[in-house]
Structure formats: structure tokens, C-alpha cells
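One file, input_33.pdb, is given below (PDB, C-alpha atoms, pLDDT in the B column).
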ATOM      1  CA  MET A   1       0.000   0.000   0.000  1.00 38.00           C
ATOM      2  CA  ASN A   2       1.327   3.406  -0.913  1.00 37.00           C
ATOM      3  CA  ALA A   3       2.014   5.826   1.909  1.00 37.00           C
ATOM      4  CA  VAL A   4      -0.471   8.655   2.249  1.00 34.00           C
ATOM      5  CA  THR A   5       0.785  12.118   3.013  1.00 34.00           C
ATOM      6  CA  ILE A   6      -1.541  14.119   5.200  1.00 34.00           C
ATOM      7  CA  SER A   7      -1.171  17.838   4.739  1.00 37.00           C
ATOM      8  CA  PRO A   8      -1.361  20.009   7.855  1.00 39.00           C
ATOM      9  CA  PRO A   9      -4.358  22.289   8.210  1.00 43.00           C
ATOM     10  CA  PRO A  10      -3.986  25.777   6.725  1.00 45.00           C
ATOM     11  CA  GLU A  11      -3.509  27.194  10.228  1.00 48.00           C
ATOM     12  CA  ALA A  12      -1.394  24.878  12.331  1.00 48.00           C
ATOM     13  CA  ASP A  13      -0.853  25.367  16.060  1.00 64.00           C
ATOM     14  CA  THR A  14       2.531  26.860  15.194  1.00 69.00           C
ATOM     15  CA  ALA A  15       0.985  29.878  13.422  1.00 86.00           C
ATOM     16  CA  PRO A  16       1.832  33.188  15.125  1.00 93.00           C
ATOM     17  CA  VAL A  17      -0.369  34.482  17.930  1.00 98.00           C
ATOM     18  CA  ASP A  18      -0.002  37.815  19.727  1.00 98.00           C
ATOM     19  CA  VAL A  19      -0.921  38.012  23.427  1.00 98.00           C
ATOM     20  CA  ILE A  20      -1.802  41.550  24.503  1.00 98.00           C
ATOM     21  CA  LEU A  21      -0.943  42.242  28.130  1.00 98.00           C
ATOM     22  CA  PRO A  22      -2.073  45.676  29.404  1.00 98.00           C
ATOM     23  CA  CYS A  23       0.315  46.675  32.166  1.00 97.00           C
ATOM     24  CA  LEU A  24       0.419  49.331  34.881  1.00 96.00           C
ATOM     25  CA  ASN A  25       2.964  48.698  37.641  1.00 96.00           C
ATOM     26  CA  GLU A  26       2.951  44.894  37.428  1.00 96.00           C
ATOM     27  CA  ALA A  27       6.660  44.185  37.980  1.00 97.00           C
ATOM     28  CA  GLY A  28       5.822  41.682  40.706  1.00 96.00           C
ATOM     29  CA  ALA A  29       3.635  39.582  38.394  1.00 97.00           C
ATOM     30  CA  LEU A  30       5.412  39.884  35.036  1.00 98.00           C
ATOM     31  CA  PRO A  31       7.916  37.019  35.425  1.00 98.00           C
ATOM     32  CA  TRP A  32       5.121  34.548  36.258  1.00 97.00           C
ATOM     33  CA  VAL A  33       2.869  35.775  33.457  1.00 98.00           C
ATOM     34  CA  LEU A  34       5.503  35.917  30.707  1.00 98.00           C
ATOM     35  CA  ASP A  35       6.860  32.489  31.646  1.00 98.00           C
ATOM     36  CA  ARG A  36       3.405  31.048  30.861  1.00 98.00           C
ATOM     37  CA  VAL A  37       2.925  32.568  27.420  1.00 98.00           C
ATOM     38  CA  PRO A  38       2.898  29.545  25.046  1.00 97.00           C
ATOM     39  CA  ALA A  39       6.106  28.904  23.137  1.00 96.00           C
ATOM     40  CA  GLY A  40       6.114  30.576  19.725  1.00 96.00           C
ATOM     41  CA  TRP A  41       3.563  33.206  20.718  1.00 98.00           C
ATOM     42  CA  ARG A  42       4.538  36.861  21.056  1.00 98.00           C
ATOM     43  CA  ALA A  43       3.914  38.685  24.315  1.00 98.00           C
ATOM     44  CA  LEU A  44       2.930  42.324  23.715  1.00 98.00           C
ATOM     45  CA  VAL A  45       3.219  44.150  27.036  1.00 98.00           C
ATOM     46  CA  VAL A  46       1.456  47.506  26.736  1.00 98.00           C
ATOM     47  CA  ASP A  47       2.937  49.775  29.380  1.00 98.00           C
ATOM     48  CA  ASN A  48       0.373  52.352  30.486  1.00 97.00           C
ATOM     49  CA  GLY A  49       2.671  54.640  32.453  1.00 97.00           C
ATOM     50  CA  SER A  50       4.311  52.260  34.939  1.00 97.00           C
ATOM     51  CA  THR A  51       6.716  53.723  37.494  1.00 97.00           C
ATOM     52  CA  ASP A  52       8.027  50.434  38.906  1.00 97.00           C
ATOM     53  CA  GLY A  53      10.222  49.377  35.987  1.00 98.00           C
ATOM     54  CA  SER A  54       7.601  47.084  34.436  1.00 98.00           C
ATOM     55  CA  ALA A  55       8.501  48.058  30.867  1.00 98.00           C
ATOM     56  CA  GLU A  56      12.222  47.441  31.334  1.00 98.00           C
ATOM     57  CA  LEU A  57      11.585  44.144  33.117  1.00 98.00           C
ATOM     58  CA  ALA A  58       9.211  42.938  30.404  1.00 98.00           C
ATOM     59  CA  ARG A  59      11.737  43.776  27.709  1.00 98.00           C
ATOM     60  CA  SER A  60      14.492  41.936  29.576  1.00 98.00           C
ATOM     61  CA  LEU A  61      12.237  38.874  29.753  1.00 98.00           C
ATOM     62  CA  GLY A  62      11.786  38.823  25.973  1.00 98.00           C
ATOM     63  CA  ALA A  63       8.465  40.622  25.584  1.00 98.00           C
ATOM     64  CA  THR A  64       7.732  43.258  22.978  1.00 98.00           C
ATOM     65  CA  VAL A  65       6.904  46.472  24.823  1.00 98.00           C
ATOM     66  CA  VAL A  66       4.390  49.009  23.518  1.00 98.00           C
ATOM     67  CA  HIS A  67       3.992  52.363  25.279  1.00 98.00           C
ATOM     68  CA  GLU A  68       0.545  53.921  25.608  1.00 98.00           C
ATOM     69  CA  THR A  69       0.606  57.329  27.288  1.00 96.00           C
ATOM     70  CA  ARG A  70      -3.159  57.741  27.456  1.00 96.00           C
ATOM     71  CA  ARG A  71      -4.270  56.197  30.746  1.00 95.00           C
ATOM     72  CA  GLY A  72      -7.066  53.656  30.716  1.00 94.00           C
ATOM     73  CA  PHE A  73      -7.501  49.889  30.444  1.00 94.00           C
ATOM     74  CA  GLY A  74      -9.167  50.207  27.049  1.00 96.00           C
ATOM     75  CA  ALA A  75      -6.463  52.543  25.804  1.00 97.00           C
ATOM     76  CA  ALA A  76      -3.805  49.969  26.668  1.00 98.00           C
ATOM     77  CA  CYS A  77      -5.754  47.072  25.152  1.00 98.00           C
ATOM     78  CA  HIS A  78      -6.452  48.922  21.922  1.00 98.00           C
ATOM     79  CA  ALA A  79      -2.846  50.068  21.578  1.00 98.00           C
ATOM     80  CA  GLY A  80      -1.872  46.410  21.776  1.00 98.00           C
ATOM     81  CA  LEU A  81      -4.458  45.472  19.177  1.00 98.00           C
ATOM     82  CA  LEU A  82      -3.114  48.101  16.790  1.00 98.00           C
ATOM     83  CA  ALA A  83       0.485  47.005  17.407  1.00 98.00           C
ATOM     84  CA  ALA A  84      -0.294  43.316  16.862  1.00 98.00           C
ATOM     85  CA  ASP A  85       0.224  41.741  13.457  1.00 97.00           C
ATOM     86  CA  ALA A  86      -0.798  38.115  14.032  1.00 98.00           C
ATOM     87  CA  ASP A  87      -4.079  36.891  12.557  1.00 98.00           C
ATOM     88  CA  ILE A  88      -5.277  35.762  15.992  1.00 98.00           C
ATOM     89  CA  VAL A  89      -4.821  37.924  19.069  1.00 98.00           C
ATOM     90  CA  CYS A  90      -5.410  37.186  22.727  1.00 98.00           C
ATOM     91  CA  PHE A  91      -5.886  39.374  25.777  1.00 98.00           C
ATOM     92  CA  CYS A  92      -4.806  38.569  29.317  1.00 98.00           C
ATOM     93  CA  ASP A  93      -4.421  40.586  32.490  1.00 96.00           C
ATOM     94  CA  CYS A  94      -0.859  41.127  33.603  1.00 95.00           C
ATOM     95  CA  ASP A  95      -1.444  40.660  37.350  1.00 94.00           C
ATOM     96  CA  ALA A  96      -0.953  36.848  37.611  1.00 95.00           C
ATOM     97  CA  SER A  97      -4.660  36.225  38.247  1.00 95.00           C
ATOM     98  CA  LEU A  98      -4.989  34.399  34.917  1.00 96.00           C
ATOM     99  CA  ASP A  99      -2.639  31.948  33.240  1.00 97.00           C
ATOM    100  CA  PRO A 100      -1.996  32.820  29.557  1.00 98.00           C
ATOM    101  CA  SER A 101      -1.193  29.175  28.782  1.00 98.00           C
ATOM    102  CA  LEU A 102      -4.941  28.528  29.136  1.00 97.00           C
ATOM    103  CA  LEU A 103      -5.472  30.465  25.899  1.00 98.00           C
ATOM    104  CA  VAL A 104      -4.321  27.539  23.727  1.00 98.00           C
ATOM    105  CA  PRO A 105      -7.802  25.941  23.413  1.00 97.00           C
ATOM    106  CA  PHE A 106      -9.318  29.396  22.900  1.00 98.00           C
ATOM    107  CA  VAL A 107      -7.102  29.896  19.853  1.00 98.00           C
ATOM    108  CA  ARG A 108      -7.860  26.404  18.547  1.00 97.00           C
ATOM    109  CA  ALA A 109     -11.593  27.136  18.689  1.00 98.00           C
ATOM    110  CA  VAL A 110     -11.145  30.358  16.723  1.00 98.00           C
ATOM    111  CA  ARG A 111      -8.942  28.630  14.132  1.00 97.00           C
ATOM    112  CA  ALA A 112     -11.383  25.744  13.796  1.00 97.00           C
ATOM    113  CA  GLY A 113     -14.237  28.157  13.175  1.00 97.00           C
ATOM    114  CA  THR A 114     -16.347  26.982  16.127  1.00 97.00           C
ATOM    115  CA  ALA A 115     -16.280  30.480  17.653  1.00 98.00           C
ATOM    116  CA  ASP A 116     -15.230  33.973  16.632  1.00 98.00           C
ATOM    117  CA  LEU A 117     -14.640  35.358  20.118  1.00 98.00           C
ATOM    118  CA  VAL A 118     -13.812  33.114  23.077  1.00 98.00           C
ATOM    119  CA  LEU A 119     -13.998  34.443  26.636  1.00 97.00           C
ATOM    120  CA  GLY A 120     -12.692  32.957  29.850  1.00 97.00           C
ATOM    121  CA  ARG A 121     -15.377  32.338  32.477  1.00 95.00           C
ATOM    122  CA  ARG A 122     -13.525  32.926  35.729  1.00 92.00           C
ATOM    123  CA  ARG A 123     -13.830  30.251  38.403  1.00 92.00           C
ATOM    124  CA  PRO A 124     -12.315  31.921  41.471  1.00 81.00           C
ATOM    125  CA  ARG A 125      -9.909  30.221  43.836  1.00 83.00           C
ATOM    126  CA  PRO A 126     -10.068  31.189  47.527  1.00 81.00           C
ATOM    127  CA  GLY A 127      -9.270  34.865  48.006  1.00 76.00           C
ATOM    128  CA  ALA A 128      -9.264  35.625  44.302  1.00 67.00           C
ATOM    129  CA  TRP A 129     -12.378  37.723  43.741  1.00 67.00           C
ATOM    130  CA  PRO A 130     -13.875  40.300  46.158  1.00 67.00           C
ATOM    131  CA  ALA A 131     -17.556  39.731  46.823  1.00 68.00           C
ATOM    132  CA  HIS A 132     -18.586  43.196  45.596  1.00 63.00           C
ATOM    133  CA  ALA A 133     -16.684  42.713  42.330  1.00 70.00           C
ATOM    134  CA  ARG A 134     -18.213  39.269  41.794  1.00 69.00           C
ATOM    135  CA  ALA A 135     -21.731  40.595  42.425  1.00 68.00           C
ATOM    136  CA  GLY A 136     -21.141  43.471  40.025  1.00 69.00           C
ATOM    137  CA  ASN A 137     -19.916  41.107  37.326  1.00 72.00           C
ATOM    138  CA  LEU A 138     -23.005  38.908  37.745  1.00 75.00           C
ATOM    139  CA  ALA A 139     -25.326  41.890  37.427  1.00 76.00           C
ATOM    140  CA  LEU A 140     -23.440  43.077  34.378  1.00 79.00           C
ATOM    141  CA  ALA A 141     -23.711  39.656  32.725  1.00 81.00           C
ATOM    142  CA  ARG A 142     -27.481  39.740  33.236  1.00 83.00           C
ATOM    143  CA  MET A 143     -27.742  43.202  31.673  1.00 84.00           C
ATOM    144  CA  LEU A 144     -25.631  41.978  28.773  1.00 87.00           C
ATOM    145  CA  ARG A 145     -28.034  39.094  28.181  1.00 87.00           C
ATOM    146  CA  ARG A 146     -30.953  41.502  28.003  1.00 87.00           C
ATOM    147  CA  ARG A 147     -29.058  43.794  25.646  1.00 88.00           C
ATOM    148  CA  THR A 148     -27.645  41.177  23.261  1.00 90.00           C
ATOM    149  CA  GLY A 149     -29.208  37.779  23.939  1.00 91.00           C
ATOM    150  CA  LEU A 150     -25.782  36.326  24.754  1.00 92.00           C
ATOM    151  CA  ARG A 151     -26.008  33.692  27.483  1.00 89.00           C
ATOM    152  CA  LEU A 152     -22.711  34.573  29.120  1.00 90.00           C
ATOM    153  CA  HIS A 153     -21.769  34.333  32.781  1.00 89.00           C
ATOM    154  CA  ASP A 154     -18.649  36.477  32.865  1.00 89.00           C
ATOM    155  CA  LEU A 155     -16.882  39.275  31.004  1.00 85.00           C
ATOM    156  CA  GLY A 156     -13.380  38.322  32.054  1.00 85.00           C
ATOM    157  CA  PRO A 157     -10.270  39.687  30.356  1.00 91.00           C
ATOM    158  CA  LEU A 158      -8.948  36.338  29.077  1.00 97.00           C
ATOM    159  CA  ARG A 159     -10.084  36.144  25.450  1.00 98.00           C
ATOM    160  CA  ALA A 160      -9.110  35.310  21.863  1.00 98.00           C
ATOM    161  CA  ALA A 161     -10.340  36.391  18.424  1.00 98.00           C
ATOM    162  CA  ARG A 162      -9.145  37.234  14.940  1.00 98.00           C
ATOM    163  CA  ARG A 163      -7.532  40.648  14.856  1.00 98.00           C
ATOM    164  CA  ALA A 164      -9.417  41.701  11.720  1.00 98.00           C
ATOM    165  CA  ASP A 165     -12.762  40.901  13.357  1.00 98.00           C
ATOM    166  CA  LEU A 166     -11.945  43.067  16.371  1.00 98.00           C
ATOM    167  CA  LEU A 167     -10.685  45.982  14.289  1.00 98.00           C
ATOM    168  CA  ALA A 168     -13.893  45.857  12.240  1.00 98.00           C
ATOM    169  CA  LEU A 169     -15.939  46.459  15.412  1.00 98.00           C
ATOM    170  CA  GLY A 170     -14.732  50.069  15.595  1.00 97.00           C
ATOM    171  CA  LEU A 171     -14.170  49.975  19.355  1.00 97.00           C
ATOM    172  CA  THR A 172     -14.153  53.457  20.891  1.00 95.00           C
ATOM    173  CA  ASP A 173     -14.121  52.989  24.670  1.00 94.00           C
ATOM    174  CA  ARG A 174     -10.674  53.563  26.165  1.00 94.00           C
ATOM    175  CA  ARG A 175     -11.510  52.973  29.800  1.00 90.00           C
ATOM    176  CA  SER A 176     -13.073  50.143  31.774  1.00 87.00           C
ATOM    177  CA  GLY A 177     -15.885  49.620  29.261  1.00 89.00           C
ATOM    178  CA  TYR A 178     -13.582  48.302  26.540  1.00 94.00           C
ATOM    179  CA  PRO A 179     -14.035  44.552  27.269  1.00 93.00           C
ATOM    180  CA  LEU A 180     -17.803  44.958  27.461  1.00 92.00           C
ATOM    181  CA  GLN A 181     -17.983  47.034  24.286  1.00 94.00           C
ATOM    182  CA  MET A 182     -16.029  44.332  22.472  1.00 96.00           C
ATOM    183  CA  VAL A 183     -18.645  41.717  23.407  1.00 95.00           C
ATOM    184  CA  VAL A 184     -21.647  43.973  22.728  1.00 94.00           C
ATOM    185  CA  ARG A 185     -20.429  44.987  19.286  1.00 96.00           C
ATOM    186  CA  ALA A 186     -19.391  41.414  18.473  1.00 97.00           C
ATOM    187  CA  ALA A 187     -22.951  40.308  19.205  1.00 95.00           C
ATOM    188  CA  ASP A 188     -24.382  43.146  17.119  1.00 94.00           C
ATOM    189  CA  ALA A 189     -22.103  42.096  14.247  1.00 96.00           C
ATOM    190  CA  GLY A 190     -23.304  38.490  14.413  1.00 96.00           C
ATOM    191  CA  LEU A 191     -20.016  37.037  15.630  1.00 97.00           C
ATOM    192  CA  ARG A 192     -20.199  33.732  17.490  1.00 97.00           C
ATOM    193  CA  VAL A 193     -19.245  34.269  21.128  1.00 97.00           C
ATOM    194  CA  ALA A 194     -18.368  31.390  23.447  1.00 97.00           C
ATOM    195  CA  GLU A 195     -16.942  31.003  26.926  1.00 96.00           C
ATOM    196  CA  ARG A 196     -14.701  28.476  28.600  1.00 97.00           C
ATOM    197  CA  ASP A 197     -14.089  27.897  32.304  1.00 96.00           C
ATOM    198  CA  VAL A 198     -10.705  29.056  33.621  1.00 97.00           C
ATOM    199  CA  PRO A 199      -9.310  29.198  37.165  1.00 96.00           C
ATOM    200  CA  TYR A 200      -9.064  32.702  38.616  1.00 94.00           C
ATOM    201  CA  LEU A 201      -6.181  33.179  41.034  1.00 94.00           C
ATOM    202  CA  PRO A 202      -5.474  35.825  43.689  1.00 90.00           C
ATOM    203  CA  ARG A 203      -3.855  38.711  41.851  1.00 74.00           C
ATOM    204  CA  THR A 204      -0.462  40.206  42.629  1.00 75.00           C
ATOM    205  CA  GLY A 205      -0.883  43.732  43.982  1.00 59.00           C
ATOM    206  CA  ALA A 206      -4.010  45.858  44.215  1.00 60.00           C
ATOM    207  CA  SER A 207      -6.538  46.096  41.397  1.00 57.00           C
ATOM    208  CA  LYS A 208      -6.671  49.428  39.577  1.00 53.00           C
ATOM    209  CA  VAL A 209     -10.390  48.916  38.878  1.00 53.00           C
ATOM    210  CA  THR A 210     -12.168  46.947  41.614  1.00 50.00           C
ATOM    211  CA  GLY A 211      -9.487  47.494  44.254  1.00 49.00           C
ATOM    212  CA  THR A 212     -11.050  50.834  45.258  1.00 53.00           C
ATOM    213  CA  TRP A 213     -14.598  52.149  45.448  1.00 51.00           C
ATOM    214  CA  ARG A 214     -13.644  54.953  43.079  1.00 60.00           C
ATOM    215  CA  GLY A 215     -12.316  52.477  40.539  1.00 60.00           C
ATOM    216  CA  THR A 216     -15.384  50.261  40.910  1.00 59.00           C
ATOM    217  CA  TRP A 217     -17.768  53.199  40.410  1.00 60.00           C
ATOM    218  CA  GLN A 218     -15.827  54.405  37.374  1.00 67.00           C
ATOM    219  CA  ALA A 219     -15.986  50.922  35.845  1.00 66.00           C
ATOM    220  CA  VAL A 220     -19.749  50.676  36.454  1.00 67.00           C
ATOM    221  CA  ARG A 221     -20.276  54.097  34.883  1.00 70.00           C
ATOM    222  CA  ASP A 222     -18.214  53.177  31.826  1.00 70.00           C
ATOM    223  CA  MET A 223     -20.069  49.908  31.359  1.00 71.00           C
ATOM    224  CA  ARG A 224     -23.509  51.451  31.722  1.00 73.00           C
ATOM    225  CA  ARG A 225     -22.608  53.876  28.971  1.00 75.00           C
ATOM    226  CA  VAL A 226     -21.615  50.991  26.715  1.00 79.00           C
ATOM    227  CA  LEU A 227     -24.839  49.097  27.392  1.00 76.00           C
ATOM    228  CA  ALA A 228     -26.823  52.208  26.499  1.00 75.00           C
ATOM    229  CA  GLU A 229     -25.371  52.266  22.990  1.00 78.00           C
ATOM    230  CA  ALA A 230     -27.835  51.560  20.207  1.00 71.00           C
ATOM    231  CA  PRO A 231     -27.173  48.298  18.336  1.00 75.00           C
ATOM    232  CA  ALA A 232     -24.687  48.974  15.563  1.00 63.00           C
ATOM    233  CA  THR A 233     -26.777  46.953  13.098  1.00 51.00           C
ATOM    234  CA  GLY A 234     -30.006  48.650  14.116  1.00 43.00           C
ATOM    235  CA  GLY A 235     -31.677  45.345  14.894  1.00 42.00           C
ATOM    236  CA  ALA A 236     -31.720  42.273  17.089  1.00 42.00           C
ATOM    237  CA  PRO A 237     -28.571  40.178  17.549  1.00 43.00           C
ATOM    238  CA  CYS A 238     -27.970  37.416  15.061  1.00 43.00           C
ATOM    239  CA  PRO A 239     -29.013  33.982  16.438  1.00 39.00           C
ATOM    240  CA  THR A 240     -25.539  32.600  15.725  1.00 40.00           C
ATOM    241  CA  SER A 241     -24.047  35.147  18.130  1.00 44.00           C
ATOM    242  CA  ARG A 242     -25.653  33.637  21.209  1.00 51.00           C
ATOM    243  CA  GLY A 243     -23.111  32.526  23.777  1.00 58.00           C
ATOM    244  CA  ALA A 244     -22.157  28.908  24.192  1.00 60.00           C
ATOM    245  CA  ASP A 245     -19.907  26.937  26.519  1.00 67.00           C
ATOM    246  CA  LEU A 246     -16.808  25.268  25.141  1.00 67.00           C
ATOM    247  CA  PRO A 247     -15.553  22.031  26.695  1.00 59.00           C
TER     248      PRO A 247
END
Structure encoded using C-alpha cells:
Amino acid sequence: MNAVTISPPPEADTAPVDVILPCLNEAGALPWVLDRVPAGWRALVVDNGSTDGSAELARSLGATVVHETRRGFGAACHAGLLAADADIVCFCDCDASLDPSLLVPFVRAVRAGTADLVLGRRRPRPGAWPAHARAGNLALARMLRRRTGLRLHDLGPLRAARRADLLALGLTDRRSGYPLQMVVRAADAGLRVAERDVPYLPRTGASKVTGTWRGTWQAVRDMRRVLAEAPATGGAPCPTSRGADLP
């Protein structure tokens, strides 16, 4: 019998992936985070005005450093998106609460075409998620369901999608509403959104968003503004955009 040569899929697991890591004074967490970025993927650390040497440390550990002078979580994330050049991009917090190695199945789902945007549903470990922040996230997820029809449980920062799809959404929020706006506009555009369980660990250092009442209130205000946006398509979300769990 003649040998059969099986060609690899058009997008093998070795294809480039950019991991966007928004960073503000995360020197204590960077070594752990960067050590867990999958081999062959590029870590894009977006320094948002750190004063603790985060940018220099990230560069010494092999990351590509992008500087974003405009303060804001969304500003840092979007600067990373613009600086990326891989077809598939991922986002991950830079505080050691989430393990970037868990993004591998997210990327596989996007490449396989089973989802266009994959989100990590955070499953907190002891001490990882303040009660007020968890309650706020639950309420936000419920409002998102009413707004878009997506059956999601979390709007966590661990996510993967094709860069072109995200750029086409025309994201404008540059503060705490950026992750939510990404999901809302993805639903309006008919993209398939899915979520996958991931462990959520106690973060290194204090949160810039939910670590203070001021930060929490600012985040809530930003997200309410996003939810008040009219659907970009002027109609109901596409049925194929409804959230689903991935194994």
C-alpha cells in the first residue's frame, strides 16, 4: 500500500499568535505571566505609564513592549491590538490572576471556526475575587443578556479572536468599558461568542479597577454607557451570536 501524506491544516498550532498584556505597575507579576505565554507566541506588554520598571523588566524577559501614554484599560488594550500583526490575538491581564497558557484551546476554537470570540469564564480560587466585584460582574452579565441575547456568565479579560474581526468592530471605549464594548459589538455584528471555564487566582498587587470604590464606580459608569449604545446593526442580535460553553 502506498504511503499517504496528510497535509497540515492551513492554520497549524505553530501559526503566530499575539498576546496583549495591558500593564500598569505589574513588575511583581510579570515574570510569572511571561513564563506562561505559550512557546512561539509573542507577548505584547502595553505599558500604560508604569513607574516600577515594568517596561524594562518585560523587555528583559523577551516581551515586545508598547507604550501607551493615554491612561485607561481600554487605551492599553487597543494600543496592543493596533500594534499586533498576528491573525489571531489574545488578551490577558498582567497581574498573575490568569494563566496565559490557558489560551491555547481558545485559539484552537477560533482557528477551527467553532467560535469567533472566546472568553474565559472565571472560576475563582479562595481569596481571588472580592464579593462586591463578583456581584457586580453577575449583574453586568445579566444586563448583557438583556441587551444582546448572549447567554454569558462572565466578562473576564482572558479572550481570543481574529484581529481583523476586532478591528472591524470600531471599538471606541478607552476605559473600563472596553471589554464589554467588544462583546456587545461582536454580538451586534453576528459574531459567534463562546466562553470556557478558567481558574481565577489571587492577583499580585491591588486592582486598579475593583481594588477601590472609586475604581469600581468608574468601571460601572463606563459599562452602563456601553450598554446604552444603540445596536450597531439597528436590529436584534444574530441567532448565531448567542453565547455557548466550550468544553
Inset, instruction - Just say which residues the PyMOL selection byres ((chain A and resi 224-226) around 9) picks in this file, as a ChimeraX atom specification. - result: /A:140,173,177-178,180-181,184,219-223,227-229
Can I get the residues of segment 93-193 of chain A within 6 Å of segment 69-82 of chain A, each with the closest pair of atoms and their distance in Å to one decimal, using all atoms listed in the file, sorted chain first then ascending number, as a tab-separated table?
residue	atom	partner	partner_atom	distance
A:Arg174	CA	A:Gly74	CA	3.8
A:Arg175	CA	A:Gly74	CA	4.6
A:Ser176	CA	A:Phe73	CA	5.7
A:Tyr178	CA	A:Gly74	CA	4.8
Any chance you can output those residues with C-alpha atoms as a short mmCIF file (atom, residue, chain, number, x, y, z; two decimals), in the frame of the given file?
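Written file, result_35.cif:
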data_model
loop_
_atom_site.label_atom_id
_atom_site.label_comp_id
_atom_site.auth_asym_id
_atom_site.auth_seq_id
_atom_site.Cartn_x
_atom_site.Cartn_y
_atom_site.Cartn_z
CA ARG A 174 -10.67 53.56 26.16
CA ARG A 175 -11.51 52.97 29.80
CA SER A 176 -13.07 50.14 31.77
CA TYR A 178 -13.58 48.30 26.54
#
Legend entry - Selection under test: the PyMOL selection byres ((chain A and resi 86-91) around 7); residues as a count of residues only: 17
Legend entry - Selected residue of minimal separation from Gly120 of chain A among A:Ala15, A:Ala189, A:Leu171, A:Ala194, counting only C-alpha atoms: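 Of A:Ala15, A:Ala189, A:Leu171, A:Ala194, the one nearest Gly120 of chain A, counting only C-alpha atoms, is A:Ala194.
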Legend entry - Non-local contacts of Phe106 of chain A (9 Å; only C-alpha atoms; under 3 positions in same chain excluded) as an MDAnalysis selection string: chainID A and resid 90 102:103 109:111 115 117:120 159:161 195:196 246
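The coordinates place atom CA of Pro124 of chain A at 8.5 Å from atom CA of Val198 of chain A.
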Legend entry - Gap from atom CA of Val183 of chain A to atom CA of Asp197 of chain A - Å, one decimal: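 Interatomic distance, atom CA of Val183 of chain A to atom CA of Asp197 of chain A: 17.1 Å.
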Inset, instruction - State, in Å with one decimal place, the distance from atom CA of Val65 of chain A to atom CA of Ala29 of chain A. - result: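 Separating atom CA of Val65 of chain A from atom CA of Ala29 of chain A is a distance of 15.6 Å.
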